[in-house]
Every structure is written in C-alpha cells, then in structure tokens.
$ cat coords.cif   # mmCIF, C-alpha atoms
data_query
loop_
_atom_site.label_atom_id
_atom_site.label_comp_id
_atom_site.auth_asym_id
_atom_site.auth_seq_id
_atom_site.Cartn_x
_atom_site.Cartn_y
_atom_site.Cartn_z
CA MET A 33 3.77 -11.97 60.85
CA SER A 34 5.67 -11.21 64.03
CA LEU A 35 7.88 -14.32 63.58
CA ARG A 36 9.61 -15.01 60.29
CA ILE A 37 11.81 -18.07 59.78
CA ALA A 38 13.83 -17.77 56.58
CA PRO A 39 13.10 -20.62 54.13
CA PRO A 40 16.74 -21.88 54.11
CA ILE A 41 16.63 -22.16 57.90
CA ARG A 42 13.21 -23.79 57.95
CA ASP A 43 14.32 -26.28 55.30
CA ALA A 44 17.59 -27.08 57.11
CA VAL A 45 15.84 -27.69 60.43
CA HIS A 46 13.17 -29.83 58.75
CA ALA A 47 15.85 -31.90 56.98
CA GLY A 48 17.79 -32.43 60.19
CA ARG A 49 20.83 -30.50 58.97
CA PRO A 50 23.05 -28.73 61.55
CA VAL A 51 22.01 -25.13 62.25
CA VAL A 52 23.59 -22.57 64.60
CA ALA A 53 21.73 -19.51 65.87
CA LEU A 54 23.71 -16.26 66.17
CA GLU A 55 22.70 -13.12 68.06
CA SER A 56 22.74 -9.61 66.61
CA THR A 57 23.31 -7.19 69.49
CA VAL A 58 27.01 -7.57 68.76
CA VAL A 59 26.11 -6.09 65.36
CA THR A 60 23.84 -3.28 66.55
CA HIS A 61 25.57 -2.40 69.82
CA GLY A 62 28.85 -4.29 70.04
CA LEU A 63 31.17 -2.73 67.48
CA PRO A 64 31.42 0.51 65.47
CA ARG A 65 30.57 0.54 61.78
CA PRO A 66 31.76 -1.06 59.49
CA ARG A 67 33.50 -3.55 61.80
CA ASN A 68 30.12 -4.76 63.06
CA LEU A 69 28.99 -5.98 59.65
CA THR A 70 32.39 -7.50 58.90
CA LEU A 71 32.17 -9.48 62.14
CA ALA A 72 28.61 -10.67 61.45
CA ARG A 73 29.61 -11.97 58.04
CA ARG A 74 32.74 -13.56 59.44
CA LEU A 75 30.80 -15.48 62.10
CA GLU A 76 28.38 -16.80 59.50
CA LYS A 77 31.35 -17.86 57.33
CA VAL A 78 32.96 -19.70 60.26
CA VAL A 79 29.75 -21.66 60.87
CA ARG A 80 29.57 -22.61 57.19
CA GLU A 81 33.24 -23.68 57.17
CA GLU A 82 32.40 -26.25 59.84
CA GLY A 83 29.50 -27.69 57.87
CA ALA A 84 26.57 -25.99 59.59
CA VAL A 85 23.97 -23.41 58.54
CA PRO A 86 24.17 -19.99 60.26
CA ALA A 87 20.92 -18.39 61.41
CA THR A 88 21.50 -14.84 62.58
CA VAL A 89 18.48 -13.56 64.50
CA GLY A 90 17.23 -9.97 64.58
CA VAL A 91 14.14 -7.80 64.71
CA VAL A 92 13.46 -6.11 61.36
CA ASP A 93 10.57 -3.68 60.94
CA GLY A 94 8.51 -5.38 63.63
CA ALA A 95 9.28 -8.99 62.70
CA LEU A 96 11.44 -11.38 64.71
CA VAL A 97 13.52 -12.90 61.92
CA VAL A 98 15.42 -16.18 62.23
CA GLY A 99 17.99 -16.23 59.44
CA LEU A 100 18.70 -12.67 58.31
CA ASP A 101 19.76 -12.46 54.69
CA ASP A 102 22.71 -10.24 53.82
CA GLY A 103 20.50 -7.33 52.87
CA ALA A 104 18.66 -7.36 56.20
CA LEU A 105 21.90 -7.89 58.09
CA THR A 106 23.47 -4.90 56.32
CA ALA A 107 20.45 -2.72 57.01
CA LEU A 108 20.46 -3.65 60.69
CA ALA A 109 24.20 -3.06 61.00
CA ASN A 110 23.83 0.41 59.49
CA ASP A 111 20.70 1.46 61.40
CA PRO A 112 21.66 3.95 64.14
CA SER A 113 18.14 3.76 65.60
CA ALA A 114 18.19 -0.02 66.07
CA ASP A 115 17.18 -0.95 69.60
CA LYS A 116 18.31 -3.86 71.78
CA ALA A 117 15.69 -6.62 72.10
CA SER A 118 15.42 -8.80 75.19
CA LEU A 119 12.42 -10.78 76.37
CA TRP A 120 11.04 -7.95 78.49
CA ASN A 121 10.73 -5.51 75.55
CA LEU A 122 10.50 -7.82 72.53
CA ALA A 123 6.71 -7.68 72.22
CA ALA A 124 6.67 -3.87 72.45
CA LEU A 125 9.36 -3.55 69.77
CA VAL A 126 7.47 -5.88 67.45
CA ALA A 127 4.17 -4.10 68.09
CA ARG A 128 5.58 -0.71 67.06
CA GLY A 129 7.38 -2.05 63.99
CA ALA A 130 10.87 -1.38 65.29
CA SER A 131 14.20 -2.92 64.36
CA ALA A 132 16.61 -4.28 66.94
CA GLY A 133 19.53 -6.54 67.64
CA THR A 134 18.62 -9.56 69.74
CA THR A 135 20.29 -10.33 73.05
CA VAL A 136 21.08 -13.84 74.29
CA ALA A 137 17.59 -14.11 75.80
CA ALA A 138 15.72 -13.02 72.67
CA THR A 139 17.93 -15.07 70.37
CA LEU A 140 17.43 -18.18 72.49
CA HIS A 141 13.67 -17.68 72.39
CA ALA A 142 13.73 -17.34 68.61
CA ALA A 143 15.99 -20.37 68.22
CA GLY A 144 13.62 -22.44 70.33
CA LEU A 145 10.64 -21.39 68.23
CA ALA A 146 12.50 -22.32 65.05
CA GLY A 147 13.64 -25.72 66.33
CA ILE A 148 17.34 -24.78 66.37
CA ARG A 149 19.28 -26.67 69.04
CA VAL A 150 22.64 -24.85 69.17
CA PHE A 151 23.40 -21.17 69.74
CA ALA A 152 26.74 -19.34 69.75
CA THR A 153 27.39 -16.09 71.56
CA GLY A 154 30.27 -14.25 73.20
CA GLY A 155 29.39 -13.98 76.88
CA ILE A 156 26.07 -14.52 78.60
CA GLY A 157 24.36 -11.97 80.82
CA GLY A 158 23.99 -12.66 84.51
CA VAL A 159 24.09 -11.07 87.96
CA HIS A 160 25.35 -7.50 88.21
CA GLU A 161 26.84 -5.92 91.31
CA HIS A 162 23.84 -3.64 91.85
CA PRO A 163 21.04 -5.32 93.85
CA PHE A 164 18.23 -6.89 91.83
CA ASP A 165 20.04 -6.21 88.53
CA GLU A 166 19.96 -9.55 86.75
CA SER A 167 19.86 -10.35 83.06
CA ALA A 168 16.84 -11.93 81.40
CA ASP A 169 19.39 -14.28 79.82
CA LEU A 170 19.34 -16.42 82.97
CA ARG A 171 15.64 -17.25 82.76
CA ALA A 172 15.88 -17.84 79.01
CA LEU A 173 18.73 -20.30 79.51
CA ALA A 174 16.62 -22.11 82.10
CA ARG A 175 13.57 -22.60 79.90
CA THR A 176 14.86 -23.00 76.33
CA PRO A 177 16.07 -26.47 75.22
CA VAL A 178 19.10 -25.15 73.36
CA LEU A 179 22.85 -25.64 73.94
CA THR A 180 24.55 -22.25 74.30
CA VAL A 181 28.26 -22.01 73.53
CA CYS A 182 29.79 -19.04 75.31
CA ALA A 183 32.98 -17.83 76.97
CA GLY A 184 31.23 -17.63 80.33
CA PRO A 185 29.49 -14.60 81.83
CA LYS A 186 30.58 -11.17 80.61
CA SER A 187 33.59 -10.00 82.61
CA ILE A 188 31.76 -7.05 84.14
CA LEU A 189 29.39 -9.38 86.04
CA ASP A 190 29.52 -11.18 89.36
CA ALA A 191 30.57 -14.51 87.89
CA ALA A 192 30.25 -16.49 91.13
CA ALA A 193 26.71 -15.23 91.72
CA THR A 194 25.83 -15.91 88.08
CA LEU A 195 27.06 -19.49 88.36
CA GLU A 196 25.05 -19.98 91.57
CA ARG A 197 21.92 -18.58 89.95
CA LEU A 198 22.28 -20.88 86.97
CA GLU A 199 22.60 -23.82 89.36
CA SER A 200 19.46 -22.71 91.22
CA LEU A 201 17.61 -22.51 87.91
CA GLY A 202 18.71 -26.03 87.00
CA VAL A 203 20.94 -25.03 84.10
CA PRO A 204 23.93 -27.36 83.62
CA VAL A 205 27.15 -25.42 83.01
CA VAL A 206 29.66 -27.73 81.32
CA GLY A 207 33.29 -26.85 80.74
CA TYR A 208 34.77 -27.50 77.32
CA ARG A 209 38.22 -29.00 77.93
CA SER A 210 38.28 -27.23 81.29
CA LYS A 211 36.93 -27.81 84.79
CA ARG A 212 36.79 -24.09 85.55
CA LEU A 213 34.32 -21.45 84.40
CA ALA A 214 35.42 -19.44 81.38
CA GLY A 215 35.96 -15.78 82.28
CA PHE A 216 34.96 -14.13 78.99
CA LEU A 217 37.89 -11.73 78.44
CA ILE A 218 39.93 -13.68 81.01
CA ARG A 219 40.61 -17.25 79.96
CA GLU A 220 39.44 -18.99 83.15
CA LEU A 221 38.15 -18.08 86.60
CA ASP A 222 38.79 -19.84 89.88
CA LEU A 223 35.27 -21.24 89.85
CA PRO A 224 35.06 -25.04 89.49
CA LEU A 225 32.45 -26.67 87.28
CA ALA A 226 30.71 -29.95 88.02
CA ALA A 227 31.16 -31.37 84.52
CA ARG A 228 33.63 -31.30 81.65
CA VAL A 229 33.54 -32.54 78.06
CA ASP A 230 36.44 -32.78 75.62
CA THR A 231 34.77 -33.25 72.24
CA PRO A 232 31.82 -31.75 70.35
CA GLU A 233 30.26 -35.22 70.39
CA ASP A 234 30.39 -35.35 74.18
CA ALA A 235 28.83 -31.88 74.38
CA ALA A 236 26.04 -33.01 72.05
CA GLY A 237 25.52 -36.01 74.31
CA VAL A 238 24.85 -33.75 77.31
CA LEU A 239 22.09 -31.92 75.45
CA GLN A 240 20.65 -35.23 74.26
CA ALA A 241 20.61 -36.55 77.83
CA GLN A 242 18.98 -33.33 79.04
CA ARG A 243 16.18 -33.84 76.53
CA MET A 244 15.80 -37.58 77.11
CA LEU A 245 15.44 -36.98 80.85
CA ASP A 246 12.77 -34.35 80.12
CA LEU A 247 14.73 -31.72 82.04
CA GLU A 248 13.54 -28.19 81.40
CA GLY A 249 15.87 -25.78 79.68
CA GLY A 250 19.16 -26.07 77.90
CA VAL A 251 22.87 -26.43 78.49
CA VAL A 252 25.62 -23.82 78.82
CA LEU A 253 28.89 -24.93 77.25
CA SER A 254 31.68 -22.83 78.80
CA ASN A 255 34.45 -22.42 76.22
CA PRO A 256 37.53 -20.54 77.52
CA VAL A 257 39.05 -18.18 74.98
CA SER A 258 42.38 -19.44 73.64
CA SER A 259 44.19 -16.27 74.70
CA GLY A 260 42.67 -13.74 77.10
CA VAL A 261 43.82 -10.63 78.93
CA ASP A 262 45.95 -10.70 82.06
CA PRO A 263 43.63 -10.92 85.12
CA GLN A 264 45.45 -8.27 87.16
CA GLN A 265 45.59 -5.83 84.28
CA PHE A 266 41.93 -6.44 83.55
CA ALA A 267 41.01 -5.76 87.18
CA ALA A 268 42.65 -2.32 86.92
CA TRP A 269 40.82 -1.54 83.67
CA LEU A 270 37.51 -2.71 85.13
CA GLN A 271 37.90 -0.52 88.20
CA GLY A 272 38.53 2.47 85.96
CA ALA A 273 35.44 1.63 83.90
CA ARG A 274 33.30 1.27 87.03
CA ASP A 275 34.55 4.59 88.38
CA ALA A 276 33.44 6.24 85.13
CA LEU A 277 30.09 4.44 85.34
CA GLU A 278 29.44 5.82 88.83
CA ALA A 279 30.59 9.31 87.89
CA ARG A 280 28.15 9.45 84.97
CA GLY A 281 25.27 7.78 86.83
CA VAL A 282 24.70 5.10 84.21
CA ARG A 283 22.22 2.40 85.27
CA GLY A 284 20.10 -0.47 83.97
CA ARG A 285 20.29 -1.65 80.37
CA ASP A 286 22.97 0.94 79.52
CA THR A 287 25.42 -0.50 82.07
CA THR A 288 26.85 -3.33 79.97
CA PRO A 289 27.49 -1.39 76.73
CA PHE A 290 28.97 1.53 78.70
CA LEU A 291 31.38 -0.66 80.64
CA LEU A 292 32.45 -2.65 77.58
CA ALA A 293 33.06 0.55 75.60
CA ARG A 294 35.05 2.07 78.46
CA LEU A 295 37.12 -1.12 78.82
CA ALA A 296 37.96 -0.92 75.12
CA GLU A 297 39.15 2.66 75.56
CA LEU A 298 41.24 1.93 78.65
CA SER A 299 42.83 -1.17 77.12
CA GLY A 300 43.61 0.39 73.76
CA ASP A 301 41.19 -2.06 72.12
CA ALA A 302 42.88 -5.11 73.67
CA THR A 303 39.53 -6.23 75.10
CA VAL A 304 37.94 -5.86 71.66
CA ALA A 305 40.58 -8.12 70.13
CA VAL A 306 39.85 -10.81 72.73
CA ASN A 307 36.11 -10.42 72.22
CA LEU A 308 36.46 -10.93 68.47
CA ARG A 309 38.61 -13.99 69.06
CA LEU A 310 36.20 -15.66 71.45
CA LEU A 311 33.19 -14.93 69.25
CA GLU A 312 34.83 -16.74 66.33
CA GLU A 313 36.01 -19.63 68.52
CA ASN A 314 32.54 -20.06 69.99
CA ALA A 315 30.88 -19.99 66.57
CA ARG A 316 33.29 -22.67 65.34
CA LEU A 317 32.70 -24.91 68.35
CA ALA A 318 28.93 -24.43 68.15
CA ALA A 319 28.95 -25.52 64.51
CA ARG A 320 30.90 -28.66 65.42
CA VAL A 321 28.40 -29.49 68.17
CA ALA A 322 25.50 -28.91 65.77
CA VAL A 323 27.11 -31.27 63.26
CA ALA A 324 27.59 -33.90 65.99
CA LEU A 325 23.93 -33.59 66.97
CA ALA A 326 22.79 -33.96 63.38
CA ASP A 327 25.07 -36.96 62.81
CA GLU A 328 23.81 -38.64 65.97
CA ALA A 329 20.18 -38.04 65.02
CA ALA A 330 20.78 -39.47 61.55
CA ALA A 331 22.47 -42.58 62.94
CA ALA A 332 19.94 -43.22 65.72
CA PRO A 333 17.21 -44.99 63.66
CA ALA A 334 19.71 -47.38 62.09
CA ALA A 335 21.25 -48.14 65.44
CA GLY A 336 17.86 -48.52 67.10
CA SER A 337 19.10 -46.49 70.03
CA GLY A 338 16.39 -43.86 70.05
CA GLY A 339 19.01 -41.11 70.26
CA MET A 340 20.83 -42.31 73.38
CA ARG A 341 24.48 -43.24 73.18
#
$ encode --input "coords.cif" --output "structure tokens"
Amino acid sequence: MSLRIAPPIRDAVHAGRPVVALESTVVTHGLPRPRNLTLARRLEKVVREEGAVPATVGVVDGALVVGLDDGALTALANDPSADKASLWNLAALVARGASAGTTVAATLHAAGLAGIRVFATGGIGGVHEHPFDESADLRALARTPVLTVCAGPKSILDAAATLERLESLGVPVVGYRSKRLAGFLIRELDLPLAARVDTPEDAAGVLQAQRMLDLEGGVVLSNPVSSGVDPQQFAAWLQGARDALEARGVRGRDTTPFLLARLAELSGDATVAVNLRLLEENARLAARVAVALADEAAAAPAAGSGGMR
C-alpha cells in the first residue's frame, strides 16, 4: 500500500483522542546525526507529555507512513540517501520505492488523509526572493483542514509576500498571544495579523469555526519563539549566507537547506539552538490544541451544541 496509517494512530483518531502530526524533513535534512534522531524522539516525548499522541510522518520504502515507529524513525534518520518529499515529487518517490522525510506540504497531506487535525512544525515554506520560487506548502495549507502550529515562515523567505499569499489563498493566520507574525528565528516581525488567540481552547475554536463555516483549508497558528536571535545580527548572517548562495549558484529545492546550514555556520550554531527551541515549543502548543479539540468534541453531544461554542 502506498499509504500506511499505524494502528495506534488509526485507533487514536477513531476514538477521538488528541493526535499531533510531526514532519520528518527536520530528521532527514535538518540536523546532523545523531542529533536528528534525538530531536525526533524529543518532539514525540513532548507531545506525549501534554496528553496527545505523536504521529511522525515519513516515506519508508515507497510507503507514506503516518506514525513511524522507533525502528522506522531510526532507519530514516540514519539513511544518507533519504530524499525530501513534497507534493510535487511524492508520487514519484512512492512509485520507485524510495524513502524520504516529509515537508510541511507532504505531512499536511498525510495528516488530512489520516483524519489528524493538528500539525506541529518549525517554520512553514513560502515565497522566496527569486521570481516564481514559491513553496508547495502554501497550497497545502490552503486545501488541508488542519491547524498548523509554526513559528511563522522560515527566516530566509519574504515574510511579507508569504503573508499576502496566504491571505489570497484564504488561509487564516492567527497569532498566539501576539498580534504580529512570528519571525521563525526572530521572535516577531513588524507584520500585523488580523486575529489573535491567547489559549489553546481559543485556537481550537478557530479551527472549529473554519470547519463549521465549510471554509476550505486549515489554519496557521503563528507561535513566536520564546527567545530568538537579534534581528540586526541575523540580518548580517543572512546576507553572508545569501552571498555564499549566489557564489555557489545554488537554486531551487537546495536553497533552503543551504541557507539554513550556512546560517548555522556563521552564527556558531546560535540559529540551531533557536530552531530546536521553537520546534519543542510548537510541538507542546500543538498538543495542547489537540487536547482542547478532543475535549470539545467529547463535550459537544452532551451540551447539544453540535461542536460550536
């Protein structure tokens, strides 16, 4: 089968228990070994600590798997040939029996197929500086009825253009305890958001309203990292990374991993430390939102509210 939902995940979704989807490109392409596997296990542990079930998604030997067990997760983390799966190449990877980490777009698609309503990631993809270079994440966010907890667009992107594109696609971007867009490695950007929520329950209510109104797609919950890098210092590091990108002629899908790796080098791993922090914070918040959704669904029949608060 090209889609495999692990029995614990299938059972949890069927029983209405809280489940959080987690991506795996951070495992295959985000960190060096063995830190990548340590991070993957830590994120799953954080989700469990908050009372939810983690469902890490990946492509293993030609199957899109929702809920990697530890053996599969270890194998993927230690596979140097593992590809990066987005929506545009997912079918080809599955057809040739490949293994891959899943991006935001591919993970969202898998979560939607499995009936999972909450997804945690670091930063979403978006609009790059080069013309016509836009992430498939944007379209996936616009058509998948899942709430995505993130720290905003990755810091190497045009955040203002990304926010505009999400608005054009009808994707609500809601600030968590903030009225400004989270800046991934920078705590906040000077980009105002139309809506703010202050509790996981309120965030769950936005997704519920989105579904009740039959609006296509999901919700982006912008969660600023608790402690980010200094904006001016980051701007200098980013310019250095972009200079190296141009000098080496890197383009397309290799742009993001190259820039992030170069930023880590220039910052002495300061950007990596922030990335690890925001990944854990987003996983924790996502689990709390998933629990709120499950609690609300369980209470709805008794209250006779049909799911609306």
$ closest_residue --input "coords.cif" --among "A:Arg67, A:His46, A:Arg316, A:Arg73" --to "Val181 in chain A" --atoms "only C-alpha atoms"
A:Arg316
$ resolve_selection --input "coords.cif" --expression "the PyMOL selection byres ((chain A and resi 153-160) around 9)" --output "JSON, numbers by chain"
{"A": [53, 54, 55, 58, 135, 136, 137, 151, 152, 161, 162, 163, 164, 165, 166, 167, 168, 169, 170, 180, 181, 182, 183, 184, 185, 186, 187, 188, 189, 190, 191, 192, 193, 194, 195, 197, 198, 215, 216, 217, 307, 308, 310, 311, 312, 314, 315]}
$ closest_residue --input "coords.cif" --among "A:Lys116, A:Arg175, A:Arg309, A:Arg219" --to "Gly144 in chain A" --atoms "only C-alpha atoms"
A:Arg175
$ residues_near_point --input "coords.cif" --point "(29.0, -5.1, 68.1)" --cutoff "10 Å" --atoms "all atoms listed in the file" --output "number ranges by chain"
A: 56-69, 71-72, 109, 133, 289, 304, 307-308
$ residues_around --input "coords.cif" --residues "Asp246 in chain A" --least-positions-apart "6" --cutoff "12 Å" --atoms "all atoms listed in the file" --output "PyMOL selection string"
chain A and resi 175+177+239-240
$ resolve_selection --input "coords.cif" --expression "the PyMOL selection byres ((chain A and resi 104) around 12)" --output "number ranges by chain"
A: 38, 56, 59, 69, 72, 88-93, 95-103, 105-111, 131-133
$ resolve_selection --input "coords.cif" --expression "the PyMOL selection byres ((chain A and resi 149) around 8)" --output "PyMOL selection string"
chain A and resi 51-52+143-144+147-148+150-151+177-179+322
$ write_last_selection --input "coords.cif" --atoms "C-alpha atoms" --output "CSV table (one decimal), keeping the file's coordinate frame"
chain,number,residue,atom,x,y,z
A,51,VAL,CA,22.0,-25.1,62.2
A,52,VAL,CA,23.6,-22.6,64.6
A,143,ALA,CA,16.0,-20.4,68.2
A,144,GLY,CA,13.6,-22.4,70.3
A,147,GLY,CA,13.6,-25.7,66.3
A,148,ILE,CA,17.3,-24.8,66.4
A,150,VAL,CA,22.6,-24.8,69.2
A,151,PHE,CA,23.4,-21.2,69.7
A,177,PRO,CA,16.1,-26.5,75.2
A,178,VAL,CA,19.1,-25.2,73.4
A,179,LEU,CA,22.8,-25.6,73.9
A,322,ALA,CA,25.5,-28.9,65.8
$ atom_distance --input "coords.cif" --atom1 "CA of Gln271 in chain A" --atom2 "CA of Val205 in chain A"
27.6 Å
$ atom_distance --input "coords.cif" --atom1 "CA of Phe266 in chain A" --atom2 "CA of Ala305 in chain A"
13.6 Å
$ closest_residue --input "coords.cif" --among "A:Val306, A:Val321, A:Ala87, A:Ala267" --to "Ala235 in chain A" --atoms "all atoms listed in the file"
A:Val321
$ closest_residue --input "coords.cif" --among "A:Arg280, A:Arg274, A:Arg209, A:Arg243" --to "Thr176 in chain A" --atoms "only C-alpha atoms"
A:Arg243
$ axis_aligned_box --input "coords.cif" --around "range 153-157 of chain A" --padding-each-side "8 Å" --output "AutoDock Vina command-line options"
--center_x 27.3 --center_y -14.0 --center_z 76.2 --size_x 21.9 --size_y 20.1 --size_z 25.3
$ atom_distance --input "coords.cif" --atom1 "CA of Asn255 in chain A" --atom2 "CA of Ala214 in chain A"
6.0 Å
$ closest_residue --input "coords.cif" --among "A:Ala114, A:Arg49, A:Asp230, A:Ser200" --to "Arg80 in chain A" --atoms "only C-alpha atoms"
A:Arg49
$ residues_near_point --input "coords.cif" --point "(10.2, -11.2, 74.9)" --cutoff "12 Å" --atoms "all atoms listed in the file" --output "list in words"
Ser34, Leu35, Val91, Leu96, Lys116, Ala117, Ser118, Leu119, Trp120, Asn121, Leu122, Ala123, Ala124, Leu125, Val126, Ala127, Thr134, Thr135, Val136, Ala137, Ala138, Thr139, Leu140, His141, Ala142, Ala168, Asp169, Arg171 and Ala172 of chain A
